[in-house]
Amino acid sequence: MKLHYTPKSHFARKNRILIDALGLSVELVDVGNVATHNPDLFAGNPLMKVPTLITDNGQAIFESDHIADYLVRQHDCKDRFQVLTNDTDMLNARAVMNGVMTAEVELVMADRTGIDANKYQRYDKFRLTVDQGMQWLENHATLFAAEPNYTGFHLVSLWDHLVLYQMFDLPYPHLQAHVERLSEIKFVNKSAPF
Ligand SMILES: N[C@@H](CCC(=O)N[C@@H](CS)C(=O)NCC(=O)O)C(=O)O
C-alpha cells in the first residue's frame, strides 16, 4: 500500500497514526506542495488533496476517514481503536474536528497563495469556525477517552497542526491535557509535524 501525503498534513496524520498503531507496512509518498494545480501529483485524486491511499490491488481511496475505515476493515477485525463507530456524539466530534481542519487549511492556503485573508469577510468565517469548533470540542472534552483511539488520533493531528501554523490561540486546557497524554505514545509522536 502507498499513502500519498505531506509530512505536515493533519488529515494524512490521522491515517499515519492509525497505520503506526496497527503496525501496518505502508509506503509514504510525499506529494510536495499541495497548492499545486498538477493533478498527476495526487495519485488520481481529482480533488487534488492529500491523503490518498493506493491499495495493494491498485485501487485509490480518497478521504482520510474512508482510508481509516478501509485499513481497519482489512487489517484490524477487532477495531481496536474504534474507527467504525456509529455513536452520534463521536461522529459529531469528528465532524467538528474535520470542519476545524478544513477551515484552517483555507487560511493556510490563502497565505500560501498570496491572498490577504484580512481583506475578505469569507476568511473571518473560517477563523470563527476554528474558534467556535475548538470551544465546542473543549466543552465536550469528555468524549475523548483516556485510552488511545481514532478520535484521539484525530484530535492530536488537528491540535499539532494548529500549533505548527500559529494562527490561533489555544486556551483549551482539557483538550491540551488529552493531546499531551496521547503525544507520549511512541506511535503517535512518530508522525508529529515538528
Ligand atoms: N476531506 C479531506 C480533506 C483533505 C485536505 O483538505 N487535505 C489538505 C492537506 S491537509 C489538502 O490537500 N489541501 C489542498 C488544497 O486544499 O488545495 C480528507 O479528509 O482527506
# chains A, B, ... in the order shown; residues from 1 in each chain; ligands from 1
>>> select_by_dssp(residues="stretch 39-77 of chain A", states="helix (DSSP H, G or I)", output="list of chain:residue names")
A:Pro39, A:Asp40, A:Leu41, A:Phe42, A:Ser64, A:Asp65, A:His66, A:Ile67, A:Ala68, A:Asp69, A:Tyr70, A:Leu71, A:Val72, A:Arg73, A:Gln74, A:His75
>>> write_last_selection(atoms="all heavy atoms", output="CSV table (one decimal), in the first residue's frame")
chain,number,residue,atom,x,y,z
A,39,PRO,N,-2.7,17.7,-11.3
A,39,PRO,CA,-3.4,16.6,-10.8
A,39,PRO,C,-2.6,15.3,-10.7
A,39,PRO,O,-2.9,14.4,-9.9
A,39,PRO,CB,-4.6,16.5,-11.8
A,39,PRO,CG,-4.3,17.3,-13.0
A,39,PRO,CD,-3.2,18.2,-12.6
A,40,ASP,N,-1.6,15.2,-11.6
A,40,ASP,CA,-0.8,13.9,-11.6
A,40,ASP,C,-0.1,13.7,-10.2
A,40,ASP,O,0.2,12.5,-9.9
A,40,ASP,CB,0.3,14.0,-12.7
A,40,ASP,CG,-0.3,14.1,-14.1
A,40,ASP,OD1,-1.4,13.8,-14.2
A,40,ASP,OD2,0.5,14.6,-15.0
A,41,LEU,N,0.1,14.7,-9.5
A,41,LEU,CA,0.8,14.6,-8.2
A,41,LEU,C,0.0,14.0,-7.1
A,41,LEU,O,0.4,13.6,-6.1
A,41,LEU,CB,1.4,15.9,-7.7
A,41,LEU,CG,2.5,16.5,-8.6
A,41,LEU,CD1,3.0,17.8,-8.0
A,41,LEU,CD2,3.7,15.5,-8.6
A,42,PHE,N,-1.4,13.9,-7.3
A,42,PHE,CA,-2.3,13.5,-6.3
A,42,PHE,C,-2.8,12.1,-6.4
A,42,PHE,O,-3.9,11.8,-5.9
A,42,PHE,CB,-3.4,14.5,-6.2
A,42,PHE,CG,-2.9,15.9,-5.7
A,42,PHE,CD1,-2.6,16.8,-6.6
A,42,PHE,CD2,-2.8,16.2,-4.3
A,42,PHE,CE1,-2.1,18.1,-6.2
A,42,PHE,CE2,-2.4,17.4,-3.9
A,42,PHE,CZ,-2.0,18.4,-4.8
A,64,SER,N,-9.6,10.9,4.3
A,64,SER,CA,-8.8,10.3,5.4
A,64,SER,C,-9.7,9.3,6.2
A,64,SER,O,-9.3,8.2,6.6
A,64,SER,CB,-8.3,11.4,6.3
A,64,SER,OG,-9.3,12.3,6.7
A,65,ASP,N,-11.0,9.7,6.4
A,65,ASP,CA,-11.8,8.8,7.3
A,65,ASP,C,-12.2,7.5,6.5
A,65,ASP,O,-12.4,6.4,7.1
A,65,ASP,CB,-13.1,9.5,7.8
A,65,ASP,CG,-12.7,10.5,8.8
A,65,ASP,OD1,-11.7,10.4,9.5
A,65,ASP,OD2,-13.4,11.5,9.0
A,66,HIS,N,-12.3,7.6,5.2
A,66,HIS,CA,-12.6,6.4,4.3
A,66,HIS,C,-11.4,5.5,4.3
A,66,HIS,O,-11.5,4.3,4.3
A,66,HIS,CB,-13.0,6.8,2.9
A,66,HIS,CG,-14.3,7.6,2.9
A,66,HIS,ND1,-14.9,8.1,1.7
A,66,HIS,CD2,-15.1,8.0,3.9
A,66,HIS,CE1,-16.0,8.8,2.0
A,66,HIS,NE2,-16.2,8.7,3.3
A,67,ILE,N,-10.2,6.1,4.3
A,67,ILE,CA,-8.9,5.4,4.3
A,67,ILE,C,-8.8,4.6,5.6
A,67,ILE,O,-8.5,3.4,5.7
A,67,ILE,CB,-7.7,6.3,4.1
A,67,ILE,CG1,-7.7,6.9,2.7
A,67,ILE,CG2,-6.4,5.6,4.4
A,67,ILE,CD1,-6.7,8.0,2.4
A,68,ALA,N,-9.1,5.3,6.7
A,68,ALA,CA,-9.1,4.7,8.1
A,68,ALA,C,-10.1,3.5,8.1
A,68,ALA,O,-9.7,2.4,8.6
A,68,ALA,CB,-9.4,5.7,9.2
A,69,ASP,N,-11.3,3.7,7.6
A,69,ASP,CA,-12.3,2.7,7.5
A,69,ASP,C,-11.8,1.4,6.8
A,69,ASP,O,-11.9,0.3,7.2
A,69,ASP,CB,-13.5,3.3,6.8
A,69,ASP,CG,-14.7,2.5,6.9
A,69,ASP,OD1,-14.8,1.4,6.3
A,69,ASP,OD2,-15.7,2.9,7.6
A,70,TYR,N,-11.2,1.7,5.6
A,70,TYR,CA,-10.6,0.6,4.8
A,70,TYR,C,-9.5,-0.2,5.5
A,70,TYR,O,-9.5,-1.4,5.6
A,70,TYR,CB,-10.1,1.1,3.5
A,70,TYR,CG,-9.3,0.1,2.6
A,70,TYR,CD1,-10.0,-0.8,1.8
A,70,TYR,CD2,-7.9,0.0,2.8
A,70,TYR,CE1,-9.3,-1.7,1.1
A,70,TYR,CE2,-7.2,-1.0,2.0
A,70,TYR,CZ,-7.9,-1.8,1.2
A,70,TYR,OH,-7.2,-2.8,0.5
A,71,LEU,N,-8.6,0.5,6.1
A,71,LEU,CA,-7.5,-0.1,6.8
A,71,LEU,C,-8.0,-1.0,7.9
A,71,LEU,O,-7.5,-2.1,8.1
A,71,LEU,CB,-6.5,1.0,7.4
A,71,LEU,CG,-5.7,1.8,6.4
A,71,LEU,CD1,-5.0,2.9,7.1
A,71,LEU,CD2,-4.8,0.9,5.6
A,72,VAL,N,-9.0,-0.5,8.7
A,72,VAL,CA,-9.5,-1.3,9.8
A,72,VAL,C,-10.2,-2.5,9.3
A,72,VAL,O,-10.1,-3.7,9.8
A,72,VAL,CB,-10.3,-0.4,10.7
A,72,VAL,CG1,-11.1,-1.3,11.7
A,72,VAL,CG2,-9.4,0.5,11.5
A,73,ARG,N,-11.1,-2.4,8.3
A,73,ARG,CA,-11.8,-3.5,7.8
A,73,ARG,C,-10.9,-4.6,7.2
A,73,ARG,O,-11.2,-5.8,7.3
A,73,ARG,CB,-12.8,-3.0,6.7
A,73,ARG,CG,-14.0,-2.3,7.3
A,73,ARG,CD,-15.0,-1.9,6.2
A,73,ARG,NE,-15.9,-0.9,6.7
A,73,ARG,CZ,-16.9,-1.1,7.5
A,73,ARG,NH1,-17.2,-2.3,7.9
A,73,ARG,NH2,-17.7,-0.1,7.9
A,74,GLN,N,-9.8,-4.2,6.6
A,74,GLN,CA,-8.9,-5.1,6.0
A,74,GLN,C,-7.9,-5.7,7.1
A,74,GLN,O,-7.5,-6.9,6.9
A,74,GLN,CB,-8.0,-4.4,5.0
A,74,GLN,CG,-8.8,-4.0,3.7
A,74,GLN,CD,-9.3,-5.2,3.0
A,74,GLN,OE1,-8.6,-6.2,2.7
A,74,GLN,NE2,-10.6,-5.1,2.6
A,75,HIS,N,-7.5,-5.0,8.1
A,75,HIS,CA,-6.4,-5.4,8.9
A,75,HIS,C,-6.6,-5.4,10.4
A,75,HIS,O,-5.7,-5.7,11.1
A,75,HIS,CB,-5.2,-4.4,8.6
A,75,HIS,CG,-4.7,-4.5,7.2
A,75,HIS,ND1,-4.0,-5.5,6.6
A,75,HIS,CD2,-5.0,-3.6,6.2
A,75,HIS,CE1,-3.8,-5.2,5.4
A,75,HIS,NE2,-4.3,-4.1,5.1
>>> residues_around(residues="stretch 180-189 of chain A", least_positions_apart="3", cutoff="8 Å", atoms="only C-alpha atoms", output="count of residues only")
10
>>> residues_near_ligand(ligand="ligand 1", cutoff="7 Å", atoms="only C-alpha atoms and all ligand atoms", output="ChimeraX atom specification")
/A:9-12,34-35,48-51,62-65,98,102,105-106,109
>>> closest_residue(among="A:Leu91, A:Leu53, A:Leu158, A:Leu47", to="A:Ile19", atoms="only C-alpha atoms")
A:Leu53
>>> residues_around(residues="stretch 119-125 of chain A", least_positions_apart="2", cutoff="9 Å", atoms="only C-alpha atoms", output="ChimeraX atom specification")
/A:103,106-107,110,115-117,127-130
